[in-house]
Amino acid sequence: MEWFTIILSVFALGFMFWFFSTSKKPFEPGQLAPDFRLTDQHGNTHTLADFRGKWLALYFYPKDDTPGCTKQACAFRDGLQELVELGAAVAGVSVDDTSSHADFAKKFQLQFPLLADTTAETAARYHSLVNLGIIKFAKRNTFLIDPQGKIARMYLSASAARNSAEVIADLKHLQAA
């Protein structure tokens with residue numbers, strides 16, 4: 001029973017740290033996005049430079065095949081054609097491995113890269129990592145990166161249901177300006 005109390009206390013403290021840290025802006029608009037080199041569900045390696053010349057909705061999510069993450073991924077899937085027409089690409093990032101990503105992508109017909117950040121280094125560089133010691137997962141943060149590799153918009157603690165629509169609306173606004 002004592003171990004249970006300790007584990008519960010550690011989890012509660014970690015949750016409080018995560019909850020209060022989500023309101024901090026990790027970057028300023030116009031700042032260069034951190035580079036990454038991650039493998040997707042098909043075994044292909046992607047870097048930030050691969051997306052140069054187009055907009056990128058880089059979204060971090062906690063766990064494959066969970067309710068909120070499925071809702072967010074399917075919303076990006078459903079909005080993918082409109083994003084492509086706006087000159088944008090989508091990539092999801094979590095600390096799950098490529099096998100988990102492959103199953104998730106196949107199950108929900110996700111036609112965009114799901115990047116495996118198994119070391120959690122990319123999530124940390126994007127200030128999107130919850131680290132509770134032995135348990136690590138990505139925060140639900142999205143970064144809209146412009147064709148030059150600069151952060152145009154940030155969606156911290158993004159809504160799983162509305163994130164894709166918000167990105168599309170902001171992308172239209174940014175391109176009209």
# chains A, B, ... in the order shown; residues from 1 in each chain; ligands from 1
>>> select_by_dssp(residues="chain A", states="helix (DSSP H, G or I)", output="number ranges by chain")
A: 2-21, 48-51, 67-85, 98-107, 121-125, 163-176
>>> write_last_selection(atoms="C-alpha atoms", output="mmCIF file, in the first residue's frame")
data_model
loop_
_atom_site.group_PDB
_atom_site.id
_atom_site.type_symbol
_atom_site.label_atom_id
_atom_site.label_comp_id
_atom_site.auth_asym_id
_atom_site.auth_seq_id
_atom_site.Cartn_x
_atom_site.Cartn_y
_atom_site.Cartn_z
ATOM 1 C CA GLU A 2 2.910 2.356 0.742
ATOM 2 C CA TRP A 3 4.324 1.906 -2.786
ATOM 3 C CA PHE A 4 0.923 2.667 -4.270
ATOM 4 C CA THR A 5 0.806 5.960 -2.344
ATOM 5 C CA ILE A 6 4.301 6.869 -3.521
ATOM 6 C CA ILE A 7 3.509 6.059 -7.152
ATOM 7 C CA LEU A 8 0.238 7.988 -6.967
ATOM 8 C CA SER A 9 2.035 10.985 -5.442
ATOM 9 C CA VAL A 10 4.708 10.965 -8.149
ATOM 10 C CA PHE A 11 2.031 10.756 -10.837
ATOM 11 C CA ALA A 12 0.063 13.627 -9.267
ATOM 12 C CA LEU A 13 3.170 15.829 -9.058
ATOM 13 C CA GLY A 14 4.062 14.994 -12.661
ATOM 14 C CA PHE A 15 0.545 15.811 -13.804
ATOM 15 C CA MET A 16 0.637 19.147 -11.977
ATOM 16 C CA PHE A 17 3.993 19.985 -13.571
ATOM 17 C CA TRP A 18 2.638 19.089 -17.006
ATOM 18 C CA PHE A 19 -0.632 20.972 -16.501
ATOM 19 C CA PHE A 20 1.014 24.198 -15.387
ATOM 20 C CA SER A 21 3.809 24.002 -17.956
ATOM 21 C CA LEU A 48 12.526 19.345 -41.094
ATOM 22 C CA ALA A 49 14.446 20.164 -44.301
ATOM 23 C CA ASP A 50 12.341 17.598 -46.186
ATOM 24 C CA PHE A 51 9.350 19.903 -45.752
ATOM 25 C CA PRO A 67 -9.580 8.250 -28.005
ATOM 26 C CA GLY A 68 -8.255 11.829 -28.156
ATOM 27 C CA CYS A 69 -5.300 10.958 -30.353
ATOM 28 C CA THR A 70 -7.523 9.017 -32.733
ATOM 29 C CA LYS A 71 -9.938 11.944 -32.965
ATOM 30 C CA GLN A 72 -7.079 14.353 -33.726
ATOM 31 C CA ALA A 73 -5.426 12.065 -36.284
ATOM 32 C CA CYS A 74 -8.713 11.388 -38.076
ATOM 33 C CA ALA A 75 -9.485 15.117 -38.194
ATOM 34 C CA PHE A 76 -6.105 15.747 -39.845
ATOM 35 C CA ARG A 77 -6.800 12.805 -42.180
ATOM 36 C CA ASP A 78 -10.188 14.273 -43.121
ATOM 37 C CA GLY A 79 -8.687 17.740 -43.689
ATOM 38 C CA LEU A 80 -5.576 16.485 -45.472
ATOM 39 C CA GLN A 81 -6.782 17.260 -49.007
ATOM 40 C CA GLU A 82 -7.572 20.866 -48.077
ATOM 41 C CA LEU A 83 -4.208 21.214 -46.343
ATOM 42 C CA VAL A 84 -2.411 19.849 -49.423
ATOM 43 C CA GLU A 85 -4.329 22.319 -51.621
ATOM 44 C CA THR A 98 7.216 2.681 -35.788
ATOM 45 C CA SER A 99 5.342 -0.592 -35.365
ATOM 46 C CA SER A 100 2.702 1.069 -33.195
ATOM 47 C CA HIS A 101 2.492 3.923 -35.711
ATOM 48 C CA ALA A 102 2.080 1.451 -38.585
ATOM 49 C CA ASP A 103 -0.823 -0.295 -36.859
ATOM 50 C CA PHE A 104 -2.466 3.030 -35.962
ATOM 51 C CA ALA A 105 -2.056 4.436 -39.482
ATOM 52 C CA LYS A 106 -3.413 1.274 -41.093
ATOM 53 C CA LYS A 107 -6.394 1.035 -38.750
ATOM 54 C CA GLU A 121 14.455 14.193 -27.917
ATOM 55 C CA THR A 122 12.328 15.930 -30.553
ATOM 56 C CA ALA A 123 9.363 16.327 -28.217
ATOM 57 C CA ALA A 124 11.738 17.809 -25.641
ATOM 58 C CA ARG A 125 13.225 20.260 -28.191
ATOM 59 C CA ASN A 163 -6.932 21.342 -34.073
ATOM 60 C CA SER A 164 -7.060 20.472 -37.774
ATOM 61 C CA ALA A 165 -9.762 23.082 -38.485
ATOM 62 C CA GLU A 166 -7.799 25.716 -36.542
ATOM 63 C CA VAL A 167 -4.669 24.974 -38.565
ATOM 64 C CA ILE A 168 -6.608 25.223 -41.845
ATOM 65 C CA ALA A 169 -8.235 28.530 -40.832
ATOM 66 C CA ASP A 170 -4.919 30.031 -39.700
ATOM 67 C CA LEU A 171 -3.160 28.810 -42.822
ATOM 68 C CA LYS A 172 -5.765 30.540 -45.009
ATOM 69 C CA HIS A 173 -5.389 33.721 -42.949
ATOM 70 C CA LEU A 174 -1.583 33.650 -43.109
ATOM 71 C CA GLN A 175 -1.580 33.081 -46.869
ATOM 72 C CA ALA A 176 -4.069 35.894 -47.449
#
>>> select_by_dssp(residues="stretch 83-174 of chain A", states="strand (DSSP E)", output="list of chain:residue names")
A:Ala88, A:Ala89, A:Val90, A:Ala91, A:Gly92, A:Val93, A:Ser94, A:Leu114, A:Leu115, A:Ala116, A:Leu129, A:Val130, A:Asn131, A:Lys136, A:Phe137, A:Ala138, A:Thr142, A:Phe143, A:Leu144, A:Ile145, A:Ile151, A:Ala152, A:Arg153, A:Met154, A:Tyr155
>>> closest_residue(among="A:Thr142, A:Thr39, A:Thr45, A:Thr118", to="A:Ala158", atoms="only C-alpha atoms")
A:Thr142
>>> atom_distance(atom1="atom CA of A:Pro62", atom2="atom CA of A:Ala138")
4.6 Å
>>> closest_residue(among="A:Gly43, A:Lys139, A:Pro34, A:Ile145", to="A:Ser159", atoms="only C-alpha atoms")
A:Lys139
>>> atom_distance(atom1="atom CA of A:Pro147", atom2="atom CA of A:Phe36")
15.7 Å
>>> residues_around(residues="A:Gln148", least_positions_apart="6", cutoff="9 Å", atoms="only C-alpha atoms", output="list in words")
Leu32, Arg52, Gly53, Lys54 and Trp55 of chain A
>>> closest_residue(among="A:Ala152, A:Phe60, A:Asp97, A:Pro113", to="A:Leu129", atoms="only C-alpha atoms")
A:Phe60
>>> residues_around(residues="A:Glu28", least_positions_apart="6", cutoff="9 Å", atoms="only C-alpha atoms", output="PyMOL selection string")
chain A and resi 151-154
>>> write_last_selection(atoms="N, CA and C atoms", output="PDB file, in the first residue's frame")
ATOM      1  N   ILE A 151       8.495  28.989 -37.212  1.00  0.00           N
ATOM      2  CA  ILE A 151       7.220  28.737 -36.544  1.00  0.00           C
ATOM      3  C   ILE A 151       6.282  29.913 -36.800  1.00  0.00           C
ATOM      4  N   ALA A 152       5.147  29.617 -37.410  1.00  0.00           N
ATOM      5  CA  ALA A 152       4.161  30.651 -37.713  1.00  0.00           C
ATOM      6  C   ALA A 152       3.076  30.709 -36.637  1.00  0.00           C
ATOM      7  N   ARG A 153       2.647  29.548 -36.155  1.00  0.00           N
ATOM      8  CA  ARG A 153       1.617  29.464 -35.123  1.00  0.00           C
ATOM      9  C   ARG A 153       1.908  28.276 -34.216  1.00  0.00           C
ATOM     10  N   MET A 154       1.459  28.412 -32.958  1.00  0.00           N
ATOM     11  CA  MET A 154       1.572  27.325 -31.989  1.00  0.00           C
ATOM     12  C   MET A 154       0.197  27.074 -31.395  1.00  0.00           C
TER      13      MET A 154
END
>>> closest_residue(among="A:Ala33, A:Leu38, A:Ala88, A:Ala177", to="A:His127", atoms="only C-alpha atoms")
A:Ala33
>>> atom_distance(atom1="atom CA of A:Ala91", atom2="atom CA of A:Ser157")
17.0 Å
>>> closest_residue(among="A:Tyr59, A:Phe137, A:Asp64, A:Asn44", to="A:Leu156", atoms="only C-alpha atoms")
A:Tyr59
